[in-house]
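> What follows is upload_7.pdb, made up of PDB, C-alpha atoms and all ligand atoms:
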ATOM      1  CA  MET A   1     147.365  57.716 112.553  1.00  0.00           C
ATOM      2  CA  ASP A   2     146.773  58.533 108.926  1.00  0.00           C
ATOM      3  CA  ALA A   3     149.514  60.718 107.437  1.00  0.00           C
ATOM      4  CA  GLY A   4     147.405  61.225 104.309  1.00  0.00           C
ATOM      5  CA  ILE A   5     144.570  62.806 106.270  1.00  0.00           C
ATOM      6  CA  ILE A   6     146.959  65.163 108.083  1.00  0.00           C
ATOM      7  CA  MET A   7     148.510  66.227 104.772  1.00  0.00           C
ATOM      8  CA  GLN A   8     145.049  66.790 103.293  1.00  0.00           C
ATOM      9  CA  THR A   9     144.111  69.111 106.138  1.00  0.00           C
ATOM     10  CA  ILE A  10     147.360  71.093 105.724  1.00  0.00           C
ATOM     11  CA  GLU A  11     146.763  71.427 101.969  1.00  0.00           C
ATOM     12  CA  ALA A  12     143.114  72.382 102.437  1.00  0.00           C
ATOM     13  CA  VAL A  13     144.067  75.075 104.964  1.00  0.00           C
ATOM     14  CA  GLY A  14     146.700  76.399 102.535  1.00  0.00           C
ATOM     15  CA  ALA A  15     144.111  76.597  99.771  1.00  0.00           C
ATOM     16  CA  ARG A  16     141.528  78.325 101.906  1.00  0.00           C
ATOM     17  CA  CYS A  17     143.502  80.665 104.122  1.00  0.00           C
ATOM     18  CA  ALA A  18     146.335  82.921 102.934  1.00  0.00           C
ATOM     19  CA  ASP A  19     147.770  83.254 106.443  1.00  0.00           C
ATOM     20  CA  PRO A  20     146.647  80.925 109.220  1.00  0.00           C
ATOM     21  CA  VAL A  21     149.409  82.152 111.566  1.00  0.00           C
ATOM     22  CA  PRO A  22     147.398  84.852 113.444  1.00  0.00           C
ATOM     23  CA  LEU A  23     144.575  82.390 114.089  1.00  0.00           C
ATOM     24  CA  VAL A  24     146.994  79.762 115.453  1.00  0.00           C
ATOM     25  CA  TYR A  25     148.497  82.237 117.941  1.00  0.00           C
ATOM     26  CA  GLU A  26     145.040  83.542 118.844  1.00  0.00           C
ATOM     27  CA  ARG A  27     144.122  79.974 119.796  1.00  0.00           C
ATOM     28  CA  LEU A  28     147.402  79.451 121.653  1.00  0.00           C
ATOM     29  CA  PHE A  29     147.071  82.640 123.701  1.00  0.00           C
ATOM     30  CA  ALA A  30     143.375  82.008 124.426  1.00  0.00           C
ATOM     31  CA  ALA A  31     144.282  78.650 125.987  1.00  0.00           C
ATOM     32  CA  HIS A  32     147.550  79.861 127.557  1.00  0.00           C
ATOM     33  CA  PRO A  33     147.540  83.636 128.152  1.00  0.00           C
ATOM     34  CA  ASP A  34     150.917  83.336 129.927  1.00  0.00           C
ATOM     35  CA  PHE A  35     152.608  82.588 126.589  1.00  0.00           C
ATOM     36  CA  ALA A  36     151.725  85.911 124.951  1.00  0.00           C
ATOM     37  CA  PRO A  37     154.337  87.991 126.831  1.00  0.00           C
ATOM     38  CA  LEU A  38     157.071  85.541 125.770  1.00  0.00           C
ATOM     39  CA  PHE A  39     156.758  86.994 122.262  1.00  0.00           C
ATOM     40  CA  ARG A  40     157.170  90.617 123.399  1.00  0.00           C
ATOM     41  CA  ASN A  41     160.370  91.062 121.373  1.00  0.00           C
ATOM     42  CA  ASP A  42     158.810  89.695 118.199  1.00  0.00           C
ATOM     43  CA  HIS A  43     157.544  93.086 117.035  1.00  0.00           C
ATOM     44  CA  SER A  44     157.304  92.184 113.352  1.00  0.00           C
ATOM     45  CA  GLY A  45     155.777  88.728 113.934  1.00  0.00           C
ATOM     46  CA  ALA A  46     158.669  87.176 111.995  1.00  0.00           C
ATOM     47  CA  ALA A  47     159.617  84.785 114.814  1.00  0.00           C
ATOM     48  CA  ARG A  48     155.991  83.680 115.200  1.00  0.00           C
ATOM     49  CA  GLY A  49     155.726  83.044 111.470  1.00  0.00           C
ATOM     50  CA  HIS A  50     159.041  81.197 111.393  1.00  0.00           C
ATOM     51  CA  MET A  51     158.069  79.091 114.399  1.00  0.00           C
ATOM     52  CA  PHE A  52     154.808  78.078 112.700  1.00  0.00           C
ATOM     53  CA  THR A  53     156.589  77.180 109.441  1.00  0.00           C
ATOM     54  CA  THR A  54     159.221  75.174 111.301  1.00  0.00           C
ATOM     55  CA  ALA A  55     156.590  73.353 113.365  1.00  0.00           C
ATOM     56  CA  ILE A  56     154.679  72.352 110.212  1.00  0.00           C
ATOM     57  CA  GLU A  57     157.838  71.340 108.333  1.00  0.00           C
ATOM     58  CA  THR A  58     158.929  69.239 111.309  1.00  0.00           C
ATOM     59  CA  LEU A  59     155.511  67.586 111.427  1.00  0.00           C
ATOM     60  CA  MET A  60     155.730  66.798 107.693  1.00  0.00           C
ATOM     61  CA  ASP A  61     159.206  65.323 108.115  1.00  0.00           C
ATOM     62  CA  LEU A  62     157.876  63.147 110.933  1.00  0.00           C
ATOM     63  CA  LEU A  63     155.059  61.887 108.708  1.00  0.00           C
ATOM     64  CA  ALA A  64     157.480  61.171 105.852  1.00  0.00           C
ATOM     65  CA  ASP A  65     160.583  59.400 107.177  1.00  0.00           C
ATOM     66  CA  ASP A  66     161.554  61.200 110.378  1.00  0.00           C
ATOM     67  CA  ALA A  67     164.886  62.284 108.896  1.00  0.00           C
ATOM     68  CA  TYR A  68     165.247  64.927 111.614  1.00  0.00           C
ATOM     69  CA  ALA A  69     161.882  65.500 113.301  1.00  0.00           C
ATOM     70  CA  SER A  70     162.415  63.497 116.500  1.00  0.00           C
ATOM     71  CA  HIS A  71     165.753  65.160 117.197  1.00  0.00           C
ATOM     72  CA  MET A  72     164.411  68.579 116.320  1.00  0.00           C
ATOM     73  CA  LEU A  73     161.430  68.181 118.644  1.00  0.00           C
ATOM     74  CA  GLN A  74     163.611  67.012 121.530  1.00  0.00           C
ATOM     75  CA  ALA A  75     166.057  69.875 121.015  1.00  0.00           C
ATOM     76  CA  GLU A  76     163.320  72.499 120.716  1.00  0.00           C
ATOM     77  CA  ARG A  77     161.548  71.221 123.801  1.00  0.00           C
ATOM     78  CA  THR A  78     164.738  71.851 125.765  1.00  0.00           C
ATOM     79  CA  ASN A  79     165.391  75.212 124.053  1.00  0.00           C
ATOM     80  CA  HIS A  80     161.850  76.287 124.833  1.00  0.00           C
ATOM     81  CA  ALA A  81     162.179  75.287 128.484  1.00  0.00           C
ATOM     82  CA  ASN A  82     164.921  77.936 128.607  1.00  0.00           C
ATOM     83  CA  LEU A  83     162.500  80.442 127.060  1.00  0.00           C
ATOM     84  CA  GLY A  84     159.986  79.715 129.829  1.00  0.00           C
ATOM     85  CA  VAL A  85     157.766  77.145 128.089  1.00  0.00           C
ATOM     86  CA  ALA A  86     157.028  74.278 130.503  1.00  0.00           C
ATOM     87  CA  THR A  87     158.083  71.010 128.868  1.00  0.00           C
ATOM     88  CA  ASP A  88     154.626  69.469 129.278  1.00  0.00           C
ATOM     89  CA  LEU A  89     153.108  72.408 127.363  1.00  0.00           C
ATOM     90  CA  PHE A  90     155.518  72.362 124.415  1.00  0.00           C
ATOM     91  CA  THR A  91     153.066  70.441 122.208  1.00  0.00           C
ATOM     92  CA  ALA A  92     150.267  72.893 123.063  1.00  0.00           C
ATOM     93  CA  PHE A  93     151.391  74.717 119.928  1.00  0.00           C
ATOM     94  CA  TYR A  94     150.317  71.747 117.824  1.00  0.00           C
ATOM     95  CA  GLY A  95     147.020  71.632 119.699  1.00  0.00           C
ATOM     96  CA  ALA A  96     146.446  75.323 118.895  1.00  0.00           C
ATOM     97  CA  THR A  97     147.373  74.624 115.261  1.00  0.00           C
ATOM     98  CA  ALA A  98     144.803  71.822 115.057  1.00  0.00           C
ATOM     99  CA  GLU A  99     142.125  74.065 116.602  1.00  0.00           C
ATOM    100  CA  ALA A 100     142.869  76.898 114.175  1.00  0.00           C
ATOM    101  CA  PHE A 101     142.771  74.459 111.248  1.00  0.00           C
ATOM    102  CA  ARG A 102     139.424  73.148 112.497  1.00  0.00           C
ATOM    103  CA  ASP A 103     138.076  76.721 112.569  1.00  0.00           C
ATOM    104  CA  ILE A 104     139.340  77.388 109.038  1.00  0.00           C
ATOM    105  CA  LEU A 105     137.979  74.151 107.552  1.00  0.00           C
ATOM    106  CA  GLY A 106     134.612  74.281 109.311  1.00  0.00           C
ATOM    107  CA  PRO A 107     132.468  71.343 108.187  1.00  0.00           C
ATOM    108  CA  ASP A 108     135.389  69.965 106.138  1.00  0.00           C
ATOM    109  CA  TRP A 109     137.225  69.226 109.383  1.00  0.00           C
ATOM    110  CA  THR A 110     136.006  65.643 109.726  1.00  0.00           C
ATOM    111  CA  GLY A 111     135.945  63.324 112.712  1.00  0.00           C
ATOM    112  CA  GLU A 112     138.693  61.385 110.940  1.00  0.00           C
ATOM    113  CA  ALA A 113     140.823  64.521 110.651  1.00  0.00           C
ATOM    114  CA  ASP A 114     140.253  65.310 114.307  1.00  0.00           C
ATOM    115  CA  ALA A 115     141.254  61.788 115.365  1.00  0.00           C
ATOM    116  CA  ALA A 116     144.356  61.845 113.132  1.00  0.00           C
ATOM    117  CA  TRP A 117     145.550  65.150 114.625  1.00  0.00           C
ATOM    118  CA  ARG A 118     144.907  63.955 118.185  1.00  0.00           C
ATOM    119  CA  THR A 119     146.928  60.788 117.556  1.00  0.00           C
ATOM    120  CA  LEU A 120     149.708  62.791 115.930  1.00  0.00           C
ATOM    121  CA  ILE A 121     149.954  65.177 118.874  1.00  0.00           C
ATOM    122  CA  VAL A 122     150.182  62.262 121.330  1.00  0.00           C
ATOM    123  CA  ARG A 123     153.013  60.860 119.199  1.00  0.00           C
ATOM    124  CA  ILE A 124     154.817  64.215 119.056  1.00  0.00           C
ATOM    125  CA  ASP A 125     154.434  64.554 122.811  1.00  0.00           C
ATOM    126  CA  ALA A 126     155.965  61.139 123.410  1.00  0.00           C
ATOM    127  CA  LEU A 127     158.790  61.750 120.923  1.00  0.00           C
ATOM    128  CA  SER A 128     159.764  65.166 122.165  1.00  0.00           C
ATOM    129  CA  ALA A 129     159.825  63.941 125.767  1.00  0.00           C
ATOM    130  CA  ALA A 130     162.014  60.929 124.907  1.00  0.00           C
TER     131      ALA A 130
HETATM  132  C1  LIG B 201     153.262  76.211 123.409  1.00  0.00           C
HETATM  133  C2  LIG B 201     154.363  75.932 122.747  1.00  0.00           C
HETATM  134  C3  LIG B 201     155.393  76.948 122.318  1.00  0.00           C
HETATM  135  C4  LIG B 201     155.643  78.217 122.792  1.00  0.00           C
HETATM  136  C5  LIG B 201     154.926  78.977 123.903  1.00  0.00           C
HETATM  137  C6  LIG B 201     156.756  78.743 122.039  1.00  0.00           C
HETATM  138  C7  LIG B 201     157.351  79.972 122.233  1.00  0.00           C
HETATM  139  C8  LIG B 201     158.414  80.488 121.533  1.00  0.00           C
HETATM  140  C9  LIG B 201     159.044  81.768 121.783  1.00  0.00           C
HETATM  141  C10 LIG B 201     158.653  82.736 122.893  1.00  0.00           C
HETATM  142  C11 LIG B 201     160.011  81.935 120.854  1.00  0.00           C
HETATM  143  C12 LIG B 201     160.969  83.138 120.734  1.00  0.00           C
HETATM  144  C13 LIG B 201     160.278  84.217 119.909  1.00  0.00           C
HETATM  145  C14 LIG B 201     161.174  85.430 119.725  1.00  0.00           C
HETATM  146  O1  LIG B 201     162.347  85.255 119.368  1.00  0.00           O
HETATM  147  O2  LIG B 201     160.692  86.541 119.912  1.00  0.00           O
HETATM  148  C15 LIG B 201     160.010  80.736 120.013  1.00  0.00           C
HETATM  149  C16 LIG B 201     160.852  80.538 118.953  1.00  0.00           C
HETATM  150  C17 LIG B 201     160.837  79.405 118.157  1.00  0.00           C
HETATM  151  N1  LIG B 201     160.038  78.297 118.307  1.00  0.00           N
HETATM  152 FE1  LIG B 201     158.581  78.057 119.680  1.00  0.00          FE
HETATM  153  N2  LIG B 201     157.153  77.800 121.107  1.00  0.00           N
HETATM  154  C18 LIG B 201     156.343  76.690 121.257  1.00  0.00           C
HETATM  155  C19 LIG B 201     156.395  75.527 120.512  1.00  0.00           C
HETATM  156  C20 LIG B 201     157.224  75.310 119.430  1.00  0.00           C
HETATM  157  C21 LIG B 201     157.208  74.114 118.639  1.00  0.00           C
HETATM  158  C22 LIG B 201     156.279  72.908 118.823  1.00  0.00           C
HETATM  159  C23 LIG B 201     158.144  74.275 117.677  1.00  0.00           C
HETATM  160  C24 LIG B 201     158.452  73.257 116.616  1.00  0.00           C
HETATM  161  C25 LIG B 201     159.526  72.790 116.279  1.00  0.00           C
HETATM  162  C26 LIG B 201     158.778  75.585 117.879  1.00  0.00           C
HETATM  163  C27 LIG B 201     159.793  76.138 117.123  1.00  0.00           C
HETATM  164  C28 LIG B 201     160.364  77.385 117.319  1.00  0.00           C
HETATM  165  C29 LIG B 201     161.417  77.954 116.497  1.00  0.00           C
HETATM  166  C30 LIG B 201     162.063  77.285 115.290  1.00  0.00           C
HETATM  167  C31 LIG B 201     161.712  79.221 117.018  1.00  0.00           C
HETATM  168  C32 LIG B 201     162.725  80.251 116.481  1.00  0.00           C
HETATM  169  C33 LIG B 201     161.966  81.231 115.578  1.00  0.00           C
HETATM  170  C34 LIG B 201     162.842  82.393 115.095  1.00  0.00           C
HETATM  171  O3  LIG B 201     163.446  83.048 115.929  1.00  0.00           O
HETATM  172  O4  LIG B 201     162.906  82.622 113.884  1.00  0.00           O
HETATM  173  N3  LIG B 201     158.170  76.187 118.955  1.00  0.00           N
HETATM  174  N4  LIG B 201     159.032  79.882 120.450  1.00  0.00           N
END
Represent the structure contained in this file as structure tokens.

Amino acid sequence: MDAGIIMQTIEAVGARCADPVPLVYERLFAAHPDFAPLFRNDHSGAARGHMFTTAIETLMDLLADDAYASHMLQAERTNHANLGVATDLFTAFYGATAEAFRDILGPDWTGEADAAWRTLIVRIDALSAA
């Protein structure tokens, strides 16, 4: 997996889209409608925004030196099981993020970028289940 390509996609999305968060959750809820009601108390959207920021920061830590990412992912997978998120679907959030980024970048979402994100999500899945 190429960390540089992942970082490029994150930067390109940041440059092109002021707020990718609604699109990420739109993708998540389209694939998993059962998740939408879990956010019923998040009236302001603050928790959704914070979750997205944390997920991206954790991903960036993983790509850098994994100072905390592996532990964070394992802990959050367990925390989320208590919220009602099946453990095997925890990484679906990263899948929805990749899909939203693909939509935002259009033709600039390359086959290389797609492959890098797929590999990263497999790695996150393995790490968070460890
Ligand atoms: C499909 C996967 C996921 C679902 C359905 C999900 C769902 C949720 C829900 C329902 C909450 C509580 C929202 C509220 O308080 O109203 C939450 C909070 C949170 N989630 Fe997730 N989550 C997922 C994946 C992730 C991932 C991959 C991370 C990355 C580390 C993450 C990090 C967080 C954090 C940090 C919070 C606390 C946000 C806050 O209260 O400020 N989640 N999540």
> At what distance in Å, to one decimal, does atom C5 of ligand LIG 201 (chain B) lie from CA of Glu11 in chain A?
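About the pair CA of Glu11 in chain A and atom C5 of ligand LIG 201 (chain B): they are 24.6 Å apart.
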> Report the residues retrieved by the PyMOL selection byres (((chain A and resi 25-40) around 8) and not hetatm) from the displayed file, expressed as a ChimeraX atom specification.
/A:21-24,41-43,48,83-85,92-93,96-97,99-100
> In the coordinates of the file, take the point (164.3, 70.2, 126.7) and a cut-off of 10 Å; then, counting all atoms listed in the file, name each qualifying protein, DNA or RNA residue as a PyMOL selection string.
chain A and resi 73-82+85-87+90+128-130
> Find the residues near Leu62 in chain A: any atom within 10 Å, counting only C-alpha atoms, skip ones fewer than 4 places away on the same chain, and give them as a ChimeraX atom specification.
/A:3,56-58,66-70,73,120,123-124
> Taking the file as shown, find all residues satisfying the PyMOL selection byres (((chain A and resi 114) around 10) and not hetatm) and write them as a count of residues only.
18
> Just give me the gap between atom O4 of ligand LIG 201 (chain B) and CA of Phe52 in chain A in Å, one decimal is fine.
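Distance between the two atoms: 9.4 Å.
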> Take CA of Tyr94 in chain A and CA of Ala55 in chain A and report the distance between them in Å, one decimal.
7.9 Å
> May I ask which of the residues A:Met7, A:Met60, A:Ile121, A:Ala47 is the closest one to Leu89 in chain A, counting all atoms listed in the file?
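Closest candidate: A:Ile121.
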> Quick one: of A:Ala126, A:Ala18, A:Met51, A:Ile104, who's nearest to ligand LIG 201 (chain B), counting all atoms listed in the file?
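Ranked by minimum distance to ligand LIG 201 (chain B), first place goes to A:Met51.
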> So that all listed atoms of ligand LIG 201 (chain B) fit with 8 Å spare on each side, what axis-aligned box centre and edge lengths in Å, to one decimal, would you give as AutoDock Vina command-line options?

--center_x 158.4 --center_y 79.7 --center_z 118.9 --size_x 26.2 --size_y 29.8 --size_z 26.0
